[in-house]
Structure formats: structure tokens, C-alpha cells
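Undergrad: Contents of structure_10.txt (compact mmCIF, C-alpha atoms and all ligand atoms):
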```
# COMPACT_ATOMS: atom_id res chain seq x y z
CA MET A 1 37.23 57.61 23.03
CA LYS A 2 37.43 54.67 25.37
CA ILE A 3 39.00 51.24 25.43
CA TYR A 4 37.10 48.70 27.52
CA GLY A 5 37.22 45.01 28.39
CA PRO A 6 38.39 42.60 27.23
CA ILE A 7 35.07 40.84 27.43
CA PHE A 8 34.10 37.35 26.40
CA SER A 9 31.85 37.52 23.36
CA TRP A 10 29.91 34.41 22.30
CA ARG A 11 30.51 35.24 18.66
CA LEU A 12 33.96 36.85 18.62
CA GLY A 13 35.75 35.09 21.49
CA ILE A 14 37.93 37.37 23.61
CA SER A 15 37.20 40.87 22.45
CA LEU A 16 38.81 44.16 23.44
CA GLY A 17 36.33 46.98 22.95
CA VAL A 18 36.90 50.41 21.44
CA ASP A 19 34.14 52.98 21.84
CA LEU A 20 34.32 55.78 19.30
CA VAL A 21 31.18 57.75 20.07
CA GLU A 22 29.80 59.71 22.96
CA PRO A 23 26.18 60.79 23.32
CA ALA A 24 25.30 64.36 24.24
CA PRO A 25 24.35 64.98 27.89
CA GLY A 26 20.87 63.67 28.64
CA TYR A 27 21.08 60.75 26.20
CA ASP A 28 21.87 57.07 26.79
CA LYS A 29 23.36 56.57 23.32
CA ILE A 30 23.98 58.17 19.95
CA CYS A 31 22.50 56.08 17.18
CA SER A 32 20.44 56.15 14.00
CA PHE A 33 18.12 53.56 15.60
CA ASN A 34 16.35 53.19 18.91
CA CYS A 35 15.86 49.42 19.02
CA LEU A 36 13.14 48.09 21.30
CA TYR A 37 15.62 45.77 22.99
CA CYS A 38 18.59 48.16 23.23
CA GLN A 39 20.47 47.51 26.46
CA LEU A 40 21.81 51.08 26.54
CA GLY A 41 18.45 52.69 27.40
CA THR A 42 15.71 54.52 25.50
CA ARG A 43 17.08 58.05 25.23
CA SER A 44 18.65 57.99 21.78
CA GLU A 45 20.42 61.00 20.30
CA LYS A 46 19.07 59.96 16.92
CA THR A 47 21.11 61.04 13.94
CA VAL A 48 22.34 59.81 10.58
CA LYS A 49 25.10 62.40 10.24
CA PRO A 50 28.63 61.17 11.02
CA ARG A 51 30.70 63.69 12.92
CA SER A 52 33.99 64.04 14.74
CA PHE A 53 34.17 62.86 18.34
CA GLY A 54 37.41 64.66 19.05
CA ASP A 55 41.08 63.94 19.02
CA PHE A 56 42.07 60.30 18.48
CA SER A 57 45.81 60.75 18.07
CA ASP A 58 46.68 58.80 21.25
CA LEU A 59 44.11 56.00 20.82
CA ALA A 60 46.32 53.54 18.91
CA GLN A 61 49.14 53.98 21.43
CA ARG A 62 46.77 53.53 24.39
CA LEU A 63 45.46 50.38 22.77
CA LYS A 64 48.98 49.09 22.20
CA LYS A 65 49.75 49.63 25.88
CA THR A 66 46.58 47.83 26.97
CA LEU A 67 47.40 44.90 24.68
CA GLN A 68 50.88 44.57 26.18
CA GLY A 69 49.28 43.67 29.52
CA LEU A 70 46.89 41.04 28.14
CA LYS A 71 47.40 37.30 27.99
CA PRO A 72 46.21 35.63 25.84
CA LYS A 73 45.86 38.25 23.15
CA PRO A 74 42.24 39.05 22.27
CA ASP A 75 40.74 37.33 19.24
CA TYR A 76 39.38 40.66 18.03
CA ILE A 77 39.58 44.37 18.67
CA THR A 78 35.93 45.31 18.39
CA PHE A 79 34.50 48.73 17.59
CA SER A 80 31.21 49.04 19.43
CA GLY A 81 30.05 51.00 22.49
CA VAL A 82 27.43 53.56 23.46
CA GLY A 83 25.88 53.86 20.05
CA GLU A 84 26.57 53.40 16.36
CA PRO A 85 30.33 53.47 15.62
CA THR A 86 29.94 54.47 11.96
CA LEU A 87 28.70 57.84 13.23
CA ASN A 88 32.33 58.67 13.94
CA ILE A 89 33.51 60.41 10.78
CA ASP A 90 37.13 59.39 11.50
CA LEU A 91 36.30 55.67 11.65
CA GLY A 92 38.45 54.62 8.69
CA GLN A 93 41.46 56.63 9.76
CA ILE A 94 41.24 55.36 13.33
CA ALA A 95 41.12 51.76 12.08
CA ARG A 96 44.17 52.40 9.88
CA GLU A 97 46.11 53.89 12.82
CA ILE A 98 45.28 50.89 15.00
CA ARG A 99 46.33 48.48 12.26
CA LYS A 100 49.81 50.00 12.31
CA THR A 101 50.26 48.94 15.95
CA THR A 102 48.77 45.42 16.03
CA ASP A 103 47.97 42.43 13.84
CA ILE A 104 44.91 41.46 15.91
CA PRO A 105 41.88 41.35 13.59
CA LEU A 106 39.51 44.32 13.71
CA ALA A 107 35.74 43.83 13.94
CA ILE A 108 32.94 46.36 14.02
CA LEU A 109 29.40 45.89 15.33
CA THR A 110 27.18 48.16 13.25
CA ASN A 111 23.46 48.61 12.70
CA ALA A 112 24.36 48.92 8.98
CA SER A 113 22.12 51.95 8.47
CA LEU A 114 24.94 54.08 7.07
CA THR A 115 26.18 51.47 4.60
CA THR A 116 24.10 53.49 2.14
CA ASP A 117 26.94 56.04 2.26
CA GLU A 118 29.95 55.27 0.05
CA LYS A 119 32.33 57.01 2.50
CA VAL A 120 31.14 54.80 5.36
CA ARG A 121 31.52 51.71 3.17
CA ALA A 122 35.09 52.78 2.39
CA SER A 123 35.80 53.01 6.15
CA LEU A 124 34.32 49.55 6.69
CA GLU A 125 36.85 48.14 4.22
CA GLU A 126 39.47 48.59 6.94
CA PHE A 127 37.86 45.83 9.02
CA ASP A 128 38.42 42.08 9.01
CA LEU A 129 34.81 41.54 9.99
CA VAL A 130 31.76 43.79 9.71
CA VAL A 131 28.93 42.49 11.88
CA ALA A 132 25.82 44.10 10.40
CA LYS A 133 22.40 44.13 12.05
CA LEU A 134 19.32 42.82 10.23
CA ASP A 135 16.34 42.09 12.49
CA ALA A 136 13.46 42.20 10.02
CA PRO A 137 12.69 41.18 6.45
CA ASN A 138 10.57 44.21 5.59
CA GLU A 139 10.14 47.94 6.20
CA ALA A 140 7.10 47.59 8.49
CA LEU A 141 8.74 45.24 10.97
CA PHE A 142 12.06 47.09 10.67
CA LYS A 143 10.32 50.28 11.82
CA LYS A 144 8.66 48.54 14.77
CA ILE A 145 11.80 46.78 16.01
CA ASN A 146 14.59 49.22 15.22
CA ARG A 147 12.62 52.50 15.33
CA PRO A 148 14.99 54.12 12.82
CA HIS A 149 15.71 57.76 12.05
CA PRO A 150 12.99 58.96 9.62
CA GLY A 151 15.62 59.52 6.91
CA LEU A 152 16.38 55.79 6.62
CA ASP A 153 14.94 53.38 4.08
CA PHE A 154 14.96 49.63 4.64
CA GLU A 155 15.61 48.54 1.04
CA ASP A 156 18.47 51.06 0.73
CA ILE A 157 20.10 49.59 3.83
CA VAL A 158 19.86 46.02 2.52
CA SER A 159 21.37 47.18 -0.74
CA GLY A 160 24.08 49.07 1.20
CA ILE A 161 25.06 45.93 3.13
CA ARG A 162 25.38 44.03 -0.16
CA LYS A 163 27.86 46.64 -1.37
CA VAL A 164 30.17 46.37 1.67
CA ARG A 165 33.50 45.08 0.41
CA ALA A 166 34.80 43.69 3.73
CA PRO A 167 33.82 40.24 5.10
CA VAL A 168 30.30 40.57 6.52
CA ALA A 169 28.43 38.64 9.21
CA ILE A 170 24.73 39.34 9.69
CA GLN A 171 23.45 39.55 13.25
CA THR A 172 19.73 39.11 13.91
CA MET A 173 18.10 39.62 17.30
CA LEU A 174 15.18 37.21 17.68
CA PHE A 175 12.46 37.88 20.24
CA ARG A 176 8.75 38.22 20.89
CA THR A 177 6.63 40.81 22.66
CA LYS A 178 2.86 40.93 22.91
CA ASP A 179 2.79 43.16 19.80
CA LEU A 180 5.45 41.70 17.55
CA ASP A 181 7.30 38.51 16.81
CA ASN A 182 10.22 38.11 14.43
CA THR A 183 10.49 34.38 15.14
CA LYS A 184 7.34 33.45 13.16
CA PRO A 185 8.03 31.03 10.29
CA GLU A 186 7.05 33.59 7.62
CA VAL A 187 9.41 36.19 9.14
CA ILE A 188 12.27 33.69 9.31
CA ASP A 189 11.62 32.76 5.67
CA GLY A 190 11.73 36.47 4.75
CA LEU A 191 15.04 36.85 6.57
CA ILE A 192 16.38 33.77 4.79
CA ARG A 193 15.55 35.39 1.45
CA LEU A 194 17.63 38.44 2.46
CA TYR A 195 20.47 36.35 3.91
CA LYS A 196 20.74 34.61 0.54
CA GLU A 197 20.72 37.93 -1.30
CA ILE A 198 23.41 39.42 0.93
CA SER A 199 25.41 36.19 1.11
CA PRO A 200 27.37 36.96 4.32
CA ARG A 201 30.16 34.70 5.52
CA GLN A 202 28.20 33.99 8.72
CA ILE A 203 24.75 34.48 10.28
CA GLN A 204 24.60 35.20 14.02
CA LEU A 205 21.27 34.63 15.75
CA ASP A 206 21.11 36.49 19.02
CA ILE A 207 18.55 36.92 21.81
CA PRO A 208 18.16 39.87 24.20
CA SER A 209 20.08 38.10 26.95
CA ARG A 210 20.46 41.30 29.01
CA PRO A 211 17.76 43.48 30.59
CA THR A 212 16.06 45.78 28.10
CA PRO A 213 14.16 49.06 28.56
CA LEU A 214 10.97 47.10 27.85
CA ASP A 215 11.67 44.84 30.80
CA LYS A 216 12.24 47.86 32.98
CA GLU A 217 9.11 49.69 31.82
CA GLY A 218 6.79 46.75 31.56
CA GLY A 219 8.20 44.46 34.20
CA LYS A 220 9.12 40.83 33.87
CA GLY A 221 8.29 38.94 30.73
CA GLU A 222 7.64 41.94 28.47
CA ILE A 223 10.22 40.55 26.07
CA GLU A 224 9.88 36.83 25.64
CA ARG A 225 13.23 35.10 25.22
CA LEU A 226 13.52 32.02 23.07
CA SER A 227 14.59 28.81 24.74
CA GLU A 228 17.92 27.28 23.74
CA LYS A 229 15.99 24.56 21.88
CA GLU A 230 13.89 27.02 19.85
CA LEU A 231 16.92 29.09 18.96
CA ARG A 232 18.92 26.02 17.95
CA GLU A 233 16.07 24.75 15.77
CA ILE A 234 15.77 28.10 13.99
CA ALA A 235 19.56 28.21 13.52
CA GLU A 236 19.57 24.70 12.05
CA TYR A 237 16.72 25.61 9.69
CA VAL A 238 18.47 28.83 8.57
CA ALA A 239 21.75 26.97 8.01
CA ARG A 240 19.98 24.27 5.98
CA GLU A 241 18.09 26.75 3.81
CA THR A 242 20.97 29.14 3.18
CA SER A 243 24.05 26.88 3.30
CA ILE A 244 25.67 29.71 5.28
CA GLU A 245 27.38 29.06 8.61
CA THR A 246 24.82 29.99 11.29
CA ILE A 247 25.73 30.40 14.94
CA TYR A 248 23.46 31.28 17.84
CA TYR A 249 23.73 32.84 21.29
CA GLN A 250 25.70 30.89 23.88
CA PRO A 251 26.00 31.91 27.54
CA PRO A 252 29.44 33.20 28.55
CA GLN A 253 32.20 30.65 29.03
CA PRO A 254 35.29 30.91 31.24
CA ALA A 255 38.24 32.46 29.46
CA ALA A 256 41.63 32.22 31.10
CA LEU A 257 42.64 35.84 30.92
CA GLU A 258 45.63 37.33 32.61
CA ARG A 259 46.31 41.00 32.88
CA GLU A 260 49.30 42.82 34.18
CA ALA A 261 48.60 45.64 36.61
CA LEU A 262 44.86 45.40 36.10
CA ASP A 263 42.94 48.41 37.36
CA LEU A 264 39.92 46.25 38.12
CA THR A 265 37.72 49.05 39.47
CA GLY A 266 38.42 51.31 36.48
CA SER A 267 38.00 48.48 33.97
CA LEU A 268 34.79 47.28 35.59
CA LYS A 269 33.34 50.79 35.62
CA ALA A 270 34.19 51.22 31.92
CA LEU A 271 32.39 47.95 31.14
CA LEU A 272 29.36 48.76 33.34
CA ALA A 273 29.00 52.13 31.62
CA ARG A 274 28.43 50.31 28.32
CA ARG A 275 26.27 47.32 29.14
CA PRO A 276 24.44 45.60 31.99
CA VAL A 277 26.71 42.82 33.27
CA THR A 278 26.37 40.01 35.81
CA ILE A 279 29.03 39.34 38.43
CA LEU A 280 29.88 36.06 36.70
CA GLU A 281 30.30 37.77 33.31
CA ALA A 282 32.58 40.41 34.83
CA SER A 283 34.68 37.80 36.59
CA LEU A 284 35.04 35.85 33.33
CA ALA A 285 35.81 38.99 31.37
CA PHE A 286 38.63 40.06 33.67
CA GLY A 287 39.86 36.63 34.73
CA VAL A 288 39.31 37.32 38.45
CA ASP A 289 37.25 35.69 41.21
CA GLU A 290 33.59 36.57 41.53
CA GLU A 291 34.40 37.60 45.11
CA GLU A 292 36.71 40.33 43.86
CA VAL A 293 34.06 41.67 41.50
CA LEU A 294 31.42 41.50 44.22
CA LYS A 295 33.57 43.61 46.54
CA ILE A 296 33.78 46.39 43.96
CA ILE A 297 30.08 46.11 43.10
CA LYS A 298 29.21 46.56 46.78
CA GLN A 299 31.43 49.62 46.99
CA LEU A 300 29.88 51.14 43.85
CA GLU A 301 26.41 50.44 45.26
CA LYS A 302 27.38 52.20 48.48
CA GLU A 303 28.43 55.20 46.40
CA ASN A 304 25.01 55.04 44.70
CA LEU A 305 26.62 54.65 41.28
CA LEU A 306 24.84 51.48 40.14
CA GLU A 307 21.49 50.44 38.71
CA CYS A 308 20.48 46.86 39.30
CA PHE A 309 18.14 44.75 37.13
CA HIS A 310 16.75 41.32 37.91
CA THR A 311 15.67 38.78 35.33
CA GLU A 312 14.27 35.39 36.22
CA GLU A 313 17.70 33.85 36.56
CA ARG A 314 20.27 36.60 36.80
CA THR A 315 21.08 39.96 38.35
CA PHE A 316 22.68 42.61 36.15
CA TYR A 317 24.47 45.79 37.16
CA LYS A 318 24.95 48.93 35.11
CA LEU A 319 26.57 52.25 35.90
CA LYS A 320 24.07 55.09 36.30
CA PRO A 321 24.46 57.91 33.76
CA ALA A 322 26.99 60.52 34.90
CA LYS A 323 25.66 63.50 36.84
CA GLY A 324 24.23 66.25 34.64
CA GLN A 325 22.91 63.70 32.14
S1 LIG B 1 21.54 49.81 16.85
FE1 LIG B 1 22.53 49.08 18.71
S2 LIG B 1 23.02 50.94 19.88
FE2 LIG B 1 21.55 51.51 18.29
S3 LIG B 1 19.59 51.39 19.32
FE3 LIG B 1 19.92 49.43 18.29
S4 LIG B 1 20.86 48.11 19.83
FE4 LIG B 1 21.03 50.23 20.58
```
Could you spell out this file's structure in C-alpha cells?

TA:
Amino acid sequence: MKIYGPIFSWRLGISLGVDLVEPAPGYDKICSFNCLYCQLGTRSEKTVKPRSFGDFSDLAQRLKKTLQGLKPKPDYITFSGVGEPTLNIDLGQIAREIRKTTDIPLAILTNASLTTDEKVRASLEEFDLVVAKLDAPNEALFKKINRPHPGLDFEDIVSGIRKVRAPVAIQTMLFRTKDLDNTKPEVIDGLIRLYKEISPRQIQLDIPSRPTPLDKEGGKGEIERLSEKELREIAEYVARETSIETIYYQPPQPAALEREALDLTGSLKALLARRPVTILEASLAFGVDEEEVLKIIKQLEKENLLECFHTEERTFYKLKPAKGQ
């Protein structure tokens, strides 16, 4: 179980990541979905069965030590990582252990598929914020976008989210490809109907800002990103129709982070193992010059450890899967 970051998150501020799952060799992630836009890659160890991911007895203490070296303190400790965190059967207990060592709020980014399970919902009660994914208003589009495990049912998931007893934010990824489009007015209206039913404290409208497997397979432009104007207009419409606070993707902003005894290479590698990152994002995340990040990136490239993706405006780096995978 790994601690990574802190990173600057457009929706959570400064966020220190905790990764509770680990895919089997040969897979990019362990998840109950295999979303079209997933930045982790296409090889999903697809499961709906929570299991143990090993000993977590030292995790809270390691986190406490990491926090001691951070200034300012993160806004959130966020459970996320290389897959779906609710697949860790010890989720609730881990959150309780961490709570004993810090008063920083706990958030979890979940695809919400296991909220159908009462035990998972009980674990989610330990969090100050449950950010639950909802990309489609119906089963057909849900299957196309999220490519779920065959054992999952869309209506059951929506009903599961409604039963979560912790504060919930709904995150929706908006995008278009040549075959599907969840930004059409009728789709947005369908989502609005569900937002009203679920009544979250916040709606977060996201875009696939990082390279996706579709971009890699199909080349540039396979996923069409919304412009800032389009996204803002949809967010304003959703906010008006639902009367729920609605925020939308913002590019990373500088965050004045200080760290004592920062192992920049180790921290950068941990981050690059989990998501494609630009040099600017990494420098903002760790509060260091872009030059410093660039030096390490060059070294990692020399060691043939990095994959590099280009979008129209930015270059992203990601750690290659470990040998044997
Ligand atoms: S739910 Fe998250 S981790 Fe799972 S496939 Fe979708 S984007 Fe990737």
C-alpha cells in the first residue's frame, strides 16, 4: 500500500494520495470497470469481489511521518490509485486507523459500483467526502463508457449511491468520441434527473485532461475534449437546473508546498506510476522548479523507465509497468 503526492487536485486542493490496491502482474489496474478514458491503461483485472491487499499495520504511521514533513498540510488525504479502492476489504478499518493519527479530512474517489454492498457502504461512512462516479444516465451508455463487470447493474448502483450515508460528491467525465457523446442535451438532462434523485452536496464535471488509451490506440483527436466555454456552459446549466453546487475542471494552479527531506526521485516515480503527469504538474505538486523535475525525467528516460504521450498542447510522462508485468 503506497502513499503518493501530495498532488494538486482541481477539486480537492492539495491532496495526499493513499493507494490501497495492487493489480496482479500483467494488468494496469484492478477495477470493476474498464472506462474508455481510463488513464491507467486498458488491461483491467476486472472484479467485483473485495479482498485483502496485505498488511496495513504500518500505513497510518507512515502517513503520519509523511505529513510531518509537509507544509502546508494537505486539504485532503485521498484514497485513490491504480484501481478501485473499495475493492480493498480492509478499507473501513484502514480509514479508522488513519483517523486516529490525523484530523485532515479523508476523501475517497470511487466508481461507486460496490455501493450496492452494505459492507462497502459502512466503510464509506468513515470518509468526510465520497466522490462517486456517474458518467451516464442509463444502462446502455453506462456499458459503453464504463465497460463494467458483467455482474453490475446500473440502476442498483444509482440506488446504492443514494444509500451512502457519508457526504457525497458526484463526478462525471464529459467527452465525445466518434461513437458516443455524453455531452448531448438529452444526456445532460438525464444526468440532471439522477443528480436530483441522488442529491449530492456537489457535482464535479471533469474532462479527460490526460492521455487516454483511446488516444494512444487511435492517435490524436480520438477523444474530443470540451472547450472551457462548453464545459462552463454545461456546468452553469446543471447548477441552475439542480440548485446543487457544480464545479468543473480547472488546469493545475501553483501551490506553495514545502517538504522536509523530500525524496524527489522516489516521490516522482510513485506519482508517475499512478498517472500520466506533465513536468509543470509535477513541479507544482512537489513545490520544486521545473528544471529539477526535468533532470529526473531525463534520467528516467535514459534508464528506459518512462512512456511519453503528446497531446496537442502538453507532453505527459508515465512510468512503464514494472518488469514481468
Ligand atoms: S473506474 Fe477509475 S480506475 Fe476504474 S477503469 Fe474507470 S477510470 Fe479507471

Undergrad: Taking the point (11.7, 31.8, 23.7) as given in the file, collect each protein or nucleic acid residue that comes within 10 Å of it, counting all atoms listed in the file, and present the set as a list in words.

TA: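 All residues meeting the 10 Å criterion around (11.7, 31.8, 23.7) are Leu174, Phe175, Arg176, Thr183, Ile207, Ile223, Glu224, Arg225, Leu226, Ser227, Glu228, Lys229, Glu230 and Leu231 of chain A.
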
Undergrad: Using 7 Å as the limit and counting all atoms listed in the file, can you tabulate each residue of chain A that touches ligand LIG 1 (chain B), with its shortest atom-to-atom distance in Å and the two atoms involved, as CSV?

TA:
```
residue,atom,partner,partner_atom,distance
A:Lys29,CA,B:LIG1,S2,6.6
A:Cys31,CA,B:LIG1,FE2,4.8
A:Ser32,CA,B:LIG1,FE2,6.4
A:Phe33,CA,B:LIG1,S3,4.6
A:Asn34,CA,B:LIG1,S3,3.7
A:Cys35,CA,B:LIG1,FE3,4.1
A:Tyr37,CA,B:LIG1,S4,6.6
A:Cys38,CA,B:LIG1,S4,4.1
A:Gln39,CA,B:LIG1,FE4,6.5
A:Leu40,CA,B:LIG1,FE4,6.1
A:Val82,CA,B:LIG1,S2,6.3
A:Gly83,CA,B:LIG1,S2,4.1
A:Glu84,CA,B:LIG1,S2,5.6
A:Thr110,CA,B:LIG1,S1,6.9
A:Asn111,CA,B:LIG1,S1,4.7
A:Asn146,CA,B:LIG1,FE3,6.2
```

Undergrad: Neighbouring residues of stretch 277-279 of chain A were defined as those with any atom within 12 Å, considering all atoms listed in the file; residues of the same chain fewer than 6 positions away were excluded. Please report them as a compact mmCIF listing (two decimals) with C-alpha atoms, in the frame of the given file.

TA:
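Result file follows (part.txt):
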```txt
# COMPACT_ATOMS: atom_id res chain seq x y z
CA GLY A 5 37.22 45.01 28.39
CA ILE A 7 35.07 40.84 27.43
CA PHE A 8 34.10 37.35 26.40
CA GLN A 39 20.47 47.51 26.46
CA LEU A 40 21.81 51.08 26.54
CA SER A 209 20.08 38.10 26.95
CA ARG A 210 20.46 41.30 29.01
CA PRO A 211 17.76 43.48 30.59
CA PRO A 251 26.00 31.91 27.54
CA PRO A 252 29.44 33.20 28.55
CA LEU A 268 34.79 47.28 35.59
CA LYS A 269 33.34 50.79 35.62
CA ALA A 270 34.19 51.22 31.92
CA LEU A 271 32.39 47.95 31.14
CA ALA A 285 35.81 38.99 31.37
CA PHE A 286 38.63 40.06 33.67
CA GLY A 287 39.86 36.63 34.73
CA VAL A 288 39.31 37.32 38.45
CA ASP A 289 37.25 35.69 41.21
CA GLU A 290 33.59 36.57 41.53
CA GLU A 291 34.40 37.60 45.11
CA GLU A 292 36.71 40.33 43.86
CA VAL A 293 34.06 41.67 41.50
CA LEU A 294 31.42 41.50 44.22
CA LYS A 295 33.57 43.61 46.54
CA ILE A 296 33.78 46.39 43.96
CA ILE A 297 30.08 46.11 43.10
CA LYS A 298 29.21 46.56 46.78
CA LEU A 306 24.84 51.48 40.14
CA GLU A 307 21.49 50.44 38.71
CA CYS A 308 20.48 46.86 39.30
CA PHE A 309 18.14 44.75 37.13
CA HIS A 310 16.75 41.32 37.91
CA THR A 311 15.67 38.78 35.33
CA GLU A 313 17.70 33.85 36.56
CA ARG A 314 20.27 36.60 36.80
CA THR A 315 21.08 39.96 38.35
CA PHE A 316 22.68 42.61 36.15
CA TYR A 317 24.47 45.79 37.16
CA LYS A 318 24.95 48.93 35.11
CA LEU A 319 26.57 52.25 35.90
```

Undergrad: Compare A:Leu91, A:Val48, A:Ala140, A:Leu205 by their minimum atom-to-atom distance to A:Ser123, counting all atoms listed in the file, and give me the closest one.

TA: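 Under the stated criterion, the closest residue is A:Leu91.
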
Undergrad: What's around A:Leu141 at 10 Å? Count all atoms listed in the file, leave out sequence neighbours fewer than 2 positions away in its own chain, and write the answer as JSON, numbers by chain.

TA: {"A": [135, 136, 137, 138, 139, 143, 144, 145, 146, 147, 154, 180, 181, 182, 187]}

Undergrad: Just to confirm, what's the straight-line distance from atom CA of A:Leu191 to atom CA of A:Leu114 in Å (one decimal)?

TA: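 Distance between the two atoms: 19.9 Å.
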
Undergrad: Take every atom of stretch 23-31 of chain A listed in the file, fit an axis-aligned box around them, add 5 Å per side, and give the centre and edge lengths in Å to one decimal as AutoDock Vina command-line options.

TA:
```
--center_x 23.5 --center_y 60.5 --center_z 22.9 --size_x 15.3 --size_y 18.9 --size_z 21.5
```

Undergrad: So that I can see what lies close to stretch 11-22 of chain A, please list as a list in words the residues with an atom at most 6 Å from it, counting all atoms listed in the file and leaving out residues fewer than 4 positions away in the same chain.

TA: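 Listed by chain and then number, they are Met1, Lys2, Ile3, Tyr4, Gly5, Pro6, Ile7, Pro74, Asp75, Tyr76, Ile77, Thr78, Phe79, Ser80, Gly81 and Pro85 of chain A.
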